[in-house]
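The file start.pdb comes next; it holds PDB, C-alpha atoms.
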ATOM      1  CA  MET S   1     -14.964 -11.649 -14.779
ATOM      2  CA  ALA S   2     -12.642  -9.253 -16.535
ATOM      3  CA  GLU S   3     -10.359 -10.651 -19.201
ATOM      4  CA  THR S   4      -7.324 -12.599 -18.045
ATOM      5  CA  LYS S   5      -4.329 -10.437 -17.177
ATOM      6  CA  LYS S   6      -0.980 -11.363 -18.676
ATOM      7  CA  LEU S   7       2.529 -11.208 -17.218
ATOM      8  CA  ALA S   8       5.614 -11.313 -19.448
ATOM      9  CA  ILE S   9       9.058 -11.714 -17.886
ATOM     10  CA  ILE S  10      12.520 -11.839 -19.412
ATOM     11  CA  ALA S  11      14.900 -13.714 -17.086
ATOM     12  CA  SER S  12      18.429 -12.731 -18.063
ATOM     13  CA  GLN S  13      20.385 -13.463 -14.884
ATOM     14  CA  GLY S  14      21.398 -16.837 -13.504
ATOM     15  CA  THR S  15      22.776 -16.193 -10.033
ATOM     16  CA  LEU S  16      20.794 -17.544  -7.088
ATOM     17  CA  ASP S  17      19.602 -14.122  -5.934
ATOM     18  CA  TRP S  18      18.434 -13.075  -9.391
ATOM     19  CA  ALA S  19      16.828 -16.445 -10.031
ATOM     20  CA  TYR S  20      14.167 -15.782  -7.418
ATOM     21  CA  PRO S  21      12.165 -12.816  -8.794
ATOM     22  CA  PRO S  22      11.083 -14.410 -12.100
ATOM     23  CA  PHE S  23       9.873 -17.625 -10.461
ATOM     24  CA  ILE S  24       8.243 -15.858  -7.500
ATOM     25  CA  LEU S  25       6.369 -13.396  -9.686
ATOM     26  CA  ALA S  26       5.328 -15.901 -12.344
ATOM     27  CA  SER S  27       4.065 -18.501  -9.860
ATOM     28  CA  THR S  28       2.186 -15.861  -7.874
ATOM     29  CA  ALA S  29       0.691 -14.375 -11.040
ATOM     30  CA  ALA S  30      -0.571 -17.816 -12.021
ATOM     31  CA  ALA S  31      -1.960 -18.264  -8.511
ATOM     32  CA  MET S  32      -3.826 -14.992  -9.068
ATOM     33  CA  ASP S  33      -5.425 -16.398 -12.236
ATOM     34  CA  MET S  34      -3.114 -14.529 -14.602
ATOM     35  CA  GLU S  35      -1.312 -15.934 -17.595
ATOM     36  CA  ALA S  36       2.462 -15.869 -17.231
ATOM     37  CA  VAL S  37       5.403 -16.418 -19.563
ATOM     38  CA  ILE S  38       9.095 -16.397 -18.671
ATOM     39  CA  PHE S  39      11.551 -15.965 -21.527
ATOM     40  CA  PHE S  40      14.979 -17.282 -20.470
ATOM     41  CA  THR S  41      17.880 -15.656 -22.238
ATOM     42  CA  PHE S  42      21.630 -15.246 -21.776
ATOM     43  CA  TYR S  43      22.606 -16.093 -18.181
ATOM     44  CA  GLY S  44      19.012 -16.874 -17.264
ATOM     45  CA  LEU S  45      19.000 -19.912 -19.534
ATOM     46  CA  PRO S  46      20.730 -22.305 -17.070
ATOM     47  CA  LEU S  47      17.716 -21.890 -14.770
ATOM     48  CA  LEU S  48      15.959 -24.345 -17.099
ATOM     49  CA  LYS S  49      18.540 -27.075 -16.525
ATOM     50  CA  LYS S  50      17.382 -30.214 -14.756
ATOM     51  CA  GLU S  51      19.842 -29.537 -11.943
ATOM     52  CA  ILE S  52      20.043 -25.859 -11.007
ATOM     53  CA  ASP S  53      23.520 -24.930  -9.769
ATOM     54  CA  ALA S  54      22.924 -21.192  -9.313
ATOM     55  CA  LYS S  55      25.232 -19.422  -6.889
ATOM     56  CA  VAL S  56      25.501 -15.915  -5.475
ATOM     57  CA  ALA S  57      28.532 -13.776  -6.266
ATOM     58  CA  PRO S  58      28.830 -11.230  -3.417
ATOM     59  CA  HIS S  59      31.611  -9.229  -5.092
ATOM     60  CA  THR S  60      29.188  -8.299  -7.882
ATOM     61  CA  ASN S  61      26.656  -7.032  -5.349
ATOM     62  CA  PRO S  62      28.458  -4.559  -3.082
ATOM     63  CA  ALA S  63      25.247  -3.760  -1.187
ATOM     64  CA  MET S  64      24.490  -7.401  -0.389
ATOM     65  CA  PRO S  65      24.299  -7.959   3.375
ATOM     66  CA  MET S  66      26.562 -10.767   4.593
ATOM     67  CA  LYS S  67      24.761 -12.505   7.435
ATOM     68  CA  MET S  68      25.044 -15.753   9.326
ATOM     69  CA  PRO S  69      22.108 -18.200   9.439
ATOM     70  CA  PHE S  70      22.972 -19.487  12.942
ATOM     71  CA  GLY S  71      23.712 -18.208  16.437
ATOM     72  CA  SER S  72      21.878 -15.661  18.561
ATOM     73  CA  LYS S  73      19.496 -13.126  17.025
ATOM     74  CA  GLU S  74      22.105 -10.382  17.478
ATOM     75  CA  PHE S  75      24.749 -12.523  15.780
ATOM     76  CA  GLN S  76      22.421 -13.297  12.878
ATOM     77  CA  SER S  77      21.563  -9.623  12.458
ATOM     78  CA  TYR S  78      25.223  -8.586  12.258
ATOM     79  CA  ASN S  79      26.298  -7.476   8.792
ATOM     80  CA  TRP S  80      29.822  -8.786   8.175
ATOM     81  CA  PRO S  81      32.040  -6.166   6.546
ATOM     82  CA  ILE S  82      33.753  -8.297   3.905
ATOM     83  CA  PRO S  83      36.041  -6.219   1.660
ATOM     84  CA  ASN S  84      35.501  -6.644  -2.062
ATOM     85  CA  PHE S  85      39.052  -7.868  -2.670
ATOM     86  CA  ILE S  86      38.345 -10.807  -0.366
ATOM     87  CA  SER S  87      34.889 -11.713  -1.691
ATOM     88  CA  GLY S  88      36.217 -11.419  -5.240
ATOM     89  CA  ASN S  89      39.494 -13.292  -4.803
ATOM     90  CA  VAL S  90      39.278 -15.879  -2.053
ATOM     91  CA  PRO S  91      38.688 -19.275  -3.697
ATOM     92  CA  GLY S  92      35.379 -20.799  -2.678
ATOM     93  CA  PHE S  93      33.936 -17.537  -1.357
ATOM     94  CA  ASP S  94      30.938 -17.710  -3.698
ATOM     95  CA  SER S  95      30.214 -21.307  -2.699
ATOM     96  CA  MET S  96      30.367 -20.371   0.967
ATOM     97  CA  ALA S  97      28.104 -17.347   0.463
ATOM     98  CA  THR S  98      25.709 -19.536  -1.546
ATOM     99  CA  SER S  99      25.503 -22.102   1.257
ATOM    100  CA  LEU S 100      24.845 -19.360   3.802
ATOM    101  CA  MET S 101      22.118 -17.809   1.660
ATOM    102  CA  LYS S 102      20.419 -21.156   1.049
ATOM    103  CA  GLU S 103      20.549 -21.953   4.771
ATOM    104  CA  THR S 104      19.117 -18.530   5.675
ATOM    105  CA  PHE S 105      16.314 -18.905   3.134
ATOM    106  CA  LYS S 106      15.484 -22.383   4.409
ATOM    107  CA  LYS S 107      15.316 -21.167   8.001
ATOM    108  CA  LYS S 108      13.071 -18.258   7.000
ATOM    109  CA  GLY S 109      10.655 -20.576   5.205
ATOM    110  CA  VAL S 110      11.533 -19.320   1.717
ATOM    111  CA  ALA S 111      10.949 -21.818  -1.084
ATOM    112  CA  THR S 112      13.863 -23.207  -3.091
ATOM    113  CA  ILE S 113      14.237 -22.226  -6.740
ATOM    114  CA  GLU S 114      13.427 -25.811  -7.760
ATOM    115  CA  GLN S 115      10.231 -25.712  -5.689
ATOM    116  CA  LEU S 116       9.080 -22.415  -7.214
ATOM    117  CA  ARG S 117       9.948 -23.585 -10.705
ATOM    118  CA  GLY S 118       7.916 -26.744 -10.139
ATOM    119  CA  MET S 119       4.926 -24.732  -8.929
ATOM    120  CA  CYS S 120       5.194 -22.469 -11.974
ATOM    121  CA  GLN S 121       4.896 -25.519 -14.209
ATOM    122  CA  GLU S 122       2.088 -26.964 -12.142
ATOM    123  CA  PHE S 123       0.156 -23.688 -12.481
ATOM    124  CA  GLY S 124       0.692 -23.545 -16.235
ATOM    125  CA  VAL S 125       3.369 -20.854 -16.499
ATOM    126  CA  ARG S 126       5.008 -21.087 -19.936
ATOM    127  CA  PHE S 127       8.791 -21.256 -20.126
ATOM    128  CA  ILE S 128      10.435 -20.153 -23.371
ATOM    129  CA  ALA S 129      14.149 -20.797 -23.918
ATOM    130  CA  CYS S 130      16.046 -18.391 -26.156
ATOM    131  CA  GLN S 131      17.147 -20.473 -29.128
ATOM    132  CA  MET S 132      19.960 -18.089 -30.033
ATOM    133  CA  THR S 133      21.491 -18.219 -26.546
ATOM    134  CA  MET S 134      21.348 -22.015 -26.695
ATOM    135  CA  GLU S 135      23.390 -21.994 -29.887
ATOM    136  CA  VAL S 136      25.867 -19.426 -28.540
ATOM    137  CA  PHE S 137      26.505 -21.105 -25.208
ATOM    138  CA  GLY S 138      26.162 -24.653 -26.510
ATOM    139  CA  PHE S 139      23.134 -25.863 -24.553
ATOM    140  CA  GLU S 140      21.215 -28.958 -25.662
ATOM    141  CA  LYS S 141      17.468 -29.490 -25.156
ATOM    142  CA  GLU S 142      18.265 -32.721 -23.304
ATOM    143  CA  GLU S 143      19.848 -30.679 -20.486
ATOM    144  CA  PHE S 144      16.592 -28.873 -19.798
ATOM    145  CA  ILE S 145      13.444 -29.854 -17.938
ATOM    146  CA  GLU S 146      10.365 -31.119 -19.768
ATOM    147  CA  GLY S 147       7.755 -28.700 -21.042
ATOM    148  CA  VAL S 148      10.053 -25.929 -22.259
ATOM    149  CA  GLU S 149       9.200 -24.087 -25.484
ATOM    150  CA  TYR S 150      11.894 -22.762 -27.780
ATOM    151  CA  GLY S 151      11.876 -19.487 -29.642
ATOM    152  CA  GLY S 152      13.361 -16.083 -30.197
ATOM    153  CA  ALA S 153      12.626 -12.419 -29.748
ATOM    154  CA  ALA S 154       9.552 -12.528 -31.990
ATOM    155  CA  THR S 155       8.035 -15.405 -30.013
ATOM    156  CA  PHE S 156       8.358 -13.426 -26.796
ATOM    157  CA  LEU S 157       7.180 -10.146 -28.299
ATOM    158  CA  GLU S 158       4.108 -11.699 -29.870
ATOM    159  CA  TYR S 159       2.965 -12.660 -26.372
ATOM    160  CA  ALA S 160       4.299  -9.513 -24.662
ATOM    161  CA  ALA S 161       2.430  -7.253 -27.102
ATOM    162  CA  ASP S 162      -0.775  -8.143 -25.265
ATOM    163  CA  ALA S 163       0.733  -8.366 -21.772
ATOM    164  CA  ASN S 164      -0.421  -6.095 -18.963
ATOM    165  CA  ILE S 165       2.882  -6.394 -17.098
ATOM    166  CA  SER S 166       6.271  -6.775 -18.779
ATOM    167  CA  LEU S 167       9.449  -7.123 -16.745
ATOM    168  CA  PHE S 168      13.112  -7.439 -17.658
ATOM    169  CA  ILE S 169      14.976  -9.123 -14.831
TER     170      ILE S 169
ATOM    171  CA  MET D   1     -13.625 -15.899  16.588
ATOM    172  CA  SER D   2     -13.989 -19.458  15.415
ATOM    173  CA  ASP D   3     -17.661 -19.555  14.549
ATOM    174  CA  ILE D   4     -16.885 -20.060  10.862
ATOM    175  CA  ALA D   5     -16.829 -23.701   9.847
ATOM    176  CA  SER D   6     -14.056 -24.670   7.488
ATOM    177  CA  ASN D   7     -14.045 -27.486   4.951
ATOM    178  CA  MET D   8     -10.261 -27.622   4.895
ATOM    179  CA  ASP D   9      -7.401 -26.403   7.099
ATOM    180  CA  LEU D  10      -4.072 -25.279   5.701
ATOM    181  CA  ASN D  11      -1.063 -24.573   7.905
ATOM    182  CA  CYS D  12       1.418 -22.137   6.342
ATOM    183  CA  GLU D  13       3.099 -21.156   9.616
ATOM    184  CA  GLY D  14       6.827 -20.603   9.222
ATOM    185  CA  LEU D  15       6.557 -20.191   5.447
ATOM    186  CA  ASN D  16       7.485 -17.007   3.660
ATOM    187  CA  CYS D  17       6.308 -15.206   0.524
ATOM    188  CA  PRO D  18       5.074 -16.467  -1.880
ATOM    189  CA  LEU D  19       4.459 -19.945  -0.431
ATOM    190  CA  PRO D  20       1.332 -19.114   1.643
ATOM    191  CA  ILE D  21      -0.329 -17.679  -1.485
ATOM    192  CA  LEU D  22       0.730 -20.591  -3.710
ATOM    193  CA  LYS D  23      -0.444 -23.184  -1.195
ATOM    194  CA  THR D  24      -3.697 -21.306  -0.652
ATOM    195  CA  LYS D  25      -4.312 -21.299  -4.392
ATOM    196  CA  LYS D  26      -3.746 -25.072  -4.581
ATOM    197  CA  ALA D  27      -5.998 -25.708  -1.606
ATOM    198  CA  VAL D  28      -8.817 -23.508  -2.926
ATOM    199  CA  ASP D  29      -8.600 -25.252  -6.305
ATOM    200  CA  SER D  30      -9.433 -28.524  -4.586
ATOM    201  CA  LEU D  31     -12.574 -27.100  -2.928
ATOM    202  CA  GLN D  32     -16.105 -26.804  -4.292
ATOM    203  CA  SER D  33     -17.711 -23.416  -4.848
ATOM    204  CA  GLY D  34     -18.970 -22.007  -1.529
ATOM    205  CA  GLU D  35     -16.663 -24.144   0.601
ATOM    206  CA  VAL D  36     -14.358 -22.502   3.127
ATOM    207  CA  LEU D  37     -10.605 -22.782   3.645
ATOM    208  CA  LYS D  38      -8.972 -21.897   6.940
ATOM    209  CA  MET D  39      -5.360 -20.830   6.432
ATOM    210  CA  THR D  40      -2.901 -19.925   9.176
ATOM    211  CA  ALA D  41       0.366 -18.091   8.533
ATOM    212  CA  THR D  42       3.107 -16.299  10.461
ATOM    213  CA  ASP D  43       4.353 -14.212   7.510
ATOM    214  CA  PRO D  44       3.204 -10.617   8.271
ATOM    215  CA  GLY D  45       3.279  -9.942   4.523
ATOM    216  CA  SER D  46       0.431 -12.399   4.094
ATOM    217  CA  ILE D  47      -2.069  -9.849   5.490
ATOM    218  CA  ASN D  48      -1.863  -7.603   2.452
ATOM    219  CA  ASP D  49      -1.015 -10.449   0.083
ATOM    220  CA  MET D  50      -4.111 -12.463   0.984
ATOM    221  CA  ALA D  51      -6.318  -9.396   0.521
ATOM    222  CA  SER D  52      -4.789  -8.737  -2.906
ATOM    223  CA  TRP D  53      -5.012 -12.374  -3.910
ATOM    224  CA  ALA D  54      -8.687 -12.547  -2.937
ATOM    225  CA  LYS D  55      -9.476  -9.280  -4.734
ATOM    226  CA  ARG D  56      -7.797 -10.465  -7.918
ATOM    227  CA  THR D  57      -9.170 -14.021  -7.960
ATOM    228  CA  GLY D  58     -12.690 -13.174  -6.781
ATOM    229  CA  ASN D  59     -12.580 -15.560  -3.841
ATOM    230  CA  GLU D  60     -13.987 -14.063  -0.663
ATOM    231  CA  LEU D  61     -11.704 -13.262   2.266
ATOM    232  CA  VAL D  62     -14.317 -13.807   4.953
ATOM    233  CA  SER D  63     -12.142 -12.854   7.905
ATOM    234  CA  HIS D  64      -8.628 -12.249   9.140
ATOM    235  CA  THR D  65      -7.629 -12.422  12.793
ATOM    236  CA  GLU D  66      -4.261 -12.347  14.505
ATOM    237  CA  GLN D  67      -3.188 -13.920  17.761
ATOM    238  CA  ALA D  68       0.381 -14.052  19.069
ATOM    239  CA  GLY D  69       1.829 -13.552  15.601
ATOM    240  CA  VAL D  70      -0.319 -16.200  13.943
ATOM    241  CA  HIS D  71      -2.666 -14.913  11.278
ATOM    242  CA  THR D  72      -5.842 -16.834  10.557
ATOM    243  CA  PHE D  73      -7.663 -16.353   7.283
ATOM    244  CA  PHE D  74     -11.027 -17.770   6.246
ATOM    245  CA  ILE D  75     -11.533 -17.870   2.493
ATOM    246  CA  ARG D  76     -14.767 -18.828   0.755
ATOM    247  CA  LYS D  77     -14.321 -20.171  -2.739
ATOM    248  CA  LYS D  78     -16.293 -18.286  -5.366
TER     249      LYS D  78
END
Take the structure I supplied and represent it as structure tokens, if you would.
Amino acid sequence: MAETKKLAIIASQGTLDWAYPPFILASTAAAMDMEAVIFFTFYGLPLLKKEIDAKVAPHTNPAMPMKMPFGSKEFQSYNWPIPNFISGNVPGFDSMATSLMKETFKKKGVATIEQLRGMCQEFGVRFIACQMTMEVFGFEKEEFIEGVEYGGAATFLEYAADANISLFI
Amino acid sequence: MSDIASNMDLNCEGLNCPLPILKTKKAVDSLQSGEVLKMTATDPGSINDMASWAKRTGNELVSHTEQAGVHTFFIRKK
């Protein structure tokens, strides 16, 4: 068979919505017999914590559809017109939106972030934590899951130099 | 269209991308070369995804049929 293809991803965002693409793509790449590395930097770093507490922030995503995970099909399809000054200012709005998104995903048979992260590890996807971001934001290795590697830009680039697919997410 | 014998059955109905692919990969890993996996899924995206997965991994997608929204795939491990 042809030589093994390589996927290199930089995960720089830590909200629930942005947490999905790196784990989906890396786990699927591994399932397709590719090598995959995710480099977690800046706000992506908390995705390596033992307990993931990622939330969505609707006011930062004006195009995000606001939908309900219950009720009739018509009700669920309705896109609630929530003004930005409400989604950005009402206390607890992000938590509510996060609960709704998680419930919708569960009902649609979408994996949880924890599940996808676990499958990545099972399939041999390498996770690299940005050492500099750890220093800056004050993260300790003890907060993270087992099996994480630590490094910087050069560590990622050494791998990415031979990658067939490189993504910044 | 059930004249293909399967060594293992995998039900991915109700699951969405990328779970059917990930579970298929795990199931195929546990088979011997030449053995057949029967996978069923309701995710319409799995039609193209299974074809791409098989093409990339070299496992053979023997057949795909659809009945009442349920897709049935037979995969022979390389």
Using only C-alpha atoms, determine which residues lie at most 10 Å from D:Gly69, disregarding the query and same-chain residues fewer than 5 positions distant; provide the list as a tab-separated table (two decimals) with C-alpha atoms, keeping the file's coordinate frame.
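Saved to selection.tsv:
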chain	number	residue	atom	x	y	z
D	13	GLU	CA	3.10	-21.16	9.62
D	41	ALA	CA	0.37	-18.09	8.53
D	42	THR	CA	3.11	-16.30	10.46
D	43	ASP	CA	4.35	-14.21	7.51
D	44	PRO	CA	3.20	-10.62	8.27
Target residues per the ChimeraX specification (/S :<8) & /D, formatted as JSON, numbers by chain: {"D": [14, 15, 16, 17, 18, 19, 21, 22, 25, 53, 56, 57]}
Spatial neighbours of S:Gly71, 12 Å, all atoms listed in the file, chain gap at least 6 places, as JSON, numbers by chain: {"S": [77, 78, 104]}
Residues near S:Phe139, cut-off 12 Å, only C-alpha atoms, skip fewer than 2 positions along chain, as a VMD selection string: chain S and resid 41 to 43 45 to 49 129 to 137 141 to 144
In terms of the shortest atom-to-atom distance over all atoms listed in the file, which of D:Leu10, D:Ala27, D:Ala5, D:Val70 is closest to D:Ser46? D:Val70
Go through S:Phe168, S:Gly92, S:Ala163, S:Ile52 and flag the residue nearest S:Leu7, using only C-alpha atoms for the distances. S:Ala163
Return stretch 96-121 of chain S, completed with N, CA, C and O atoms, as a short mmCIF file (atom, residue, chain, number, x, y, z; two decimals), in the frame of the given file.
data_model
loop_
_atom_site.label_atom_id
_atom_site.label_comp_id
_atom_site.auth_asym_id
_atom_site.auth_seq_id
_atom_site.Cartn_x
_atom_site.Cartn_y
_atom_site.Cartn_z
N MET S 96 30.69 -20.56 -0.44
CA MET S 96 30.37 -20.37 0.97
C MET S 96 29.17 -19.43 1.12
O MET S 96 28.22 -19.72 1.84
N ALA S 97 29.20 -18.31 0.39
CA ALA S 97 28.10 -17.35 0.46
C ALA S 97 26.80 -17.98 -0.01
O ALA S 97 25.72 -17.71 0.53
N THR S 98 26.89 -18.85 -1.03
CA THR S 98 25.71 -19.54 -1.55
C THR S 98 25.10 -20.46 -0.49
O THR S 98 23.89 -20.46 -0.27
N SER S 99 25.99 -21.21 0.19
CA SER S 99 25.50 -22.10 1.26
C SER S 99 24.82 -21.31 2.36
O SER S 99 23.76 -21.71 2.86
N LEU S 100 25.43 -20.18 2.74
CA LEU S 100 24.84 -19.36 3.80
C LEU S 100 23.49 -18.81 3.38
O LEU S 100 22.53 -18.81 4.16
N MET S 101 23.39 -18.37 2.13
CA MET S 101 22.12 -17.81 1.66
C MET S 101 21.04 -18.89 1.62
O MET S 101 19.91 -18.68 2.06
N LYS S 102 21.41 -20.06 1.13
CA LYS S 102 20.42 -21.16 1.05
C LYS S 102 19.95 -21.55 2.45
O LYS S 102 18.76 -21.81 2.67
N GLU S 103 20.89 -21.58 3.40
CA GLU S 103 20.55 -21.95 4.77
C GLU S 103 19.63 -20.89 5.39
O GLU S 103 18.64 -21.23 6.07
N THR S 104 19.96 -19.62 5.15
CA THR S 104 19.12 -18.53 5.68
C THR S 104 17.71 -18.63 5.10
O THR S 104 16.71 -18.54 5.83
N PHE S 105 17.62 -18.83 3.79
CA PHE S 105 16.31 -18.90 3.13
C PHE S 105 15.49 -20.07 3.69
O PHE S 105 14.30 -19.94 3.93
N LYS S 106 16.18 -21.19 3.89
CA LYS S 106 15.48 -22.38 4.41
C LYS S 106 14.92 -22.10 5.80
O LYS S 106 13.76 -22.40 6.09
N LYS S 107 15.75 -21.46 6.63
CA LYS S 107 15.32 -21.17 8.00
C LYS S 107 14.18 -20.16 8.03
O LYS S 107 13.37 -20.17 8.94
N LYS S 108 14.13 -19.28 7.04
CA LYS S 108 13.07 -18.26 7.00
C LYS S 108 11.84 -18.76 6.24
O LYS S 108 10.94 -17.98 5.94
N GLY S 109 11.83 -20.03 5.88
CA GLY S 109 10.66 -20.58 5.20
C GLY S 109 10.48 -20.11 3.78
O GLY S 109 9.36 -20.08 3.26
N VAL S 110 11.60 -19.73 3.12
CA VAL S 110 11.53 -19.32 1.72
C VAL S 110 11.69 -20.57 0.85
O VAL S 110 12.52 -21.43 1.14
N ALA S 111 10.90 -20.65 -0.20
CA ALA S 111 10.95 -21.82 -1.08
C ALA S 111 12.30 -21.89 -1.80
O ALA S 111 12.98 -20.87 -1.96
N THR S 112 12.67 -23.08 -2.24
CA THR S 112 13.86 -23.21 -3.09
C THR S 112 13.47 -22.84 -4.52
O THR S 112 12.28 -22.82 -4.88
N ILE S 113 14.49 -22.55 -5.33
CA ILE S 113 14.24 -22.23 -6.74
C ILE S 113 13.54 -23.40 -7.44
O ILE S 113 12.59 -23.22 -8.20
N GLU S 114 14.01 -24.61 -7.14
CA GLU S 114 13.43 -25.81 -7.76
C GLU S 114 11.94 -25.92 -7.42
O GLU S 114 11.12 -26.26 -8.27
N GLN S 115 11.62 -25.63 -6.15
CA GLN S 115 10.23 -25.71 -5.69
C GLN S 115 9.36 -24.69 -6.43
O GLN S 115 8.27 -25.02 -6.91
N LEU S 116 9.85 -23.46 -6.53
CA LEU S 116 9.08 -22.42 -7.21
C LEU S 116 8.93 -22.72 -8.70
O LEU S 116 7.87 -22.50 -9.29
N ARG S 117 10.00 -23.24 -9.29
CA ARG S 117 9.95 -23.58 -10.70
C ARG S 117 8.91 -24.69 -10.94
O ARG S 117 8.13 -24.63 -11.90
N GLY S 118 8.89 -25.65 -10.03
CA GLY S 118 7.92 -26.74 -10.14
C GLY S 118 6.49 -26.23 -10.02
O GLY S 118 5.60 -26.66 -10.76
N MET S 119 6.27 -25.27 -9.11
CA MET S 119 4.93 -24.73 -8.93
C MET S 119 4.52 -23.90 -10.14
O MET S 119 3.35 -23.90 -10.53
N CYS S 120 5.48 -23.20 -10.74
CA CYS S 120 5.19 -22.47 -11.97
C CYS S 120 4.64 -23.43 -13.02
O CYS S 120 3.62 -23.17 -13.66
N GLN S 121 5.32 -24.55 -13.18
CA GLN S 121 4.90 -25.52 -14.21
C GLN S 121 3.54 -26.12 -13.87
O GLN S 121 2.69 -26.30 -14.74
#
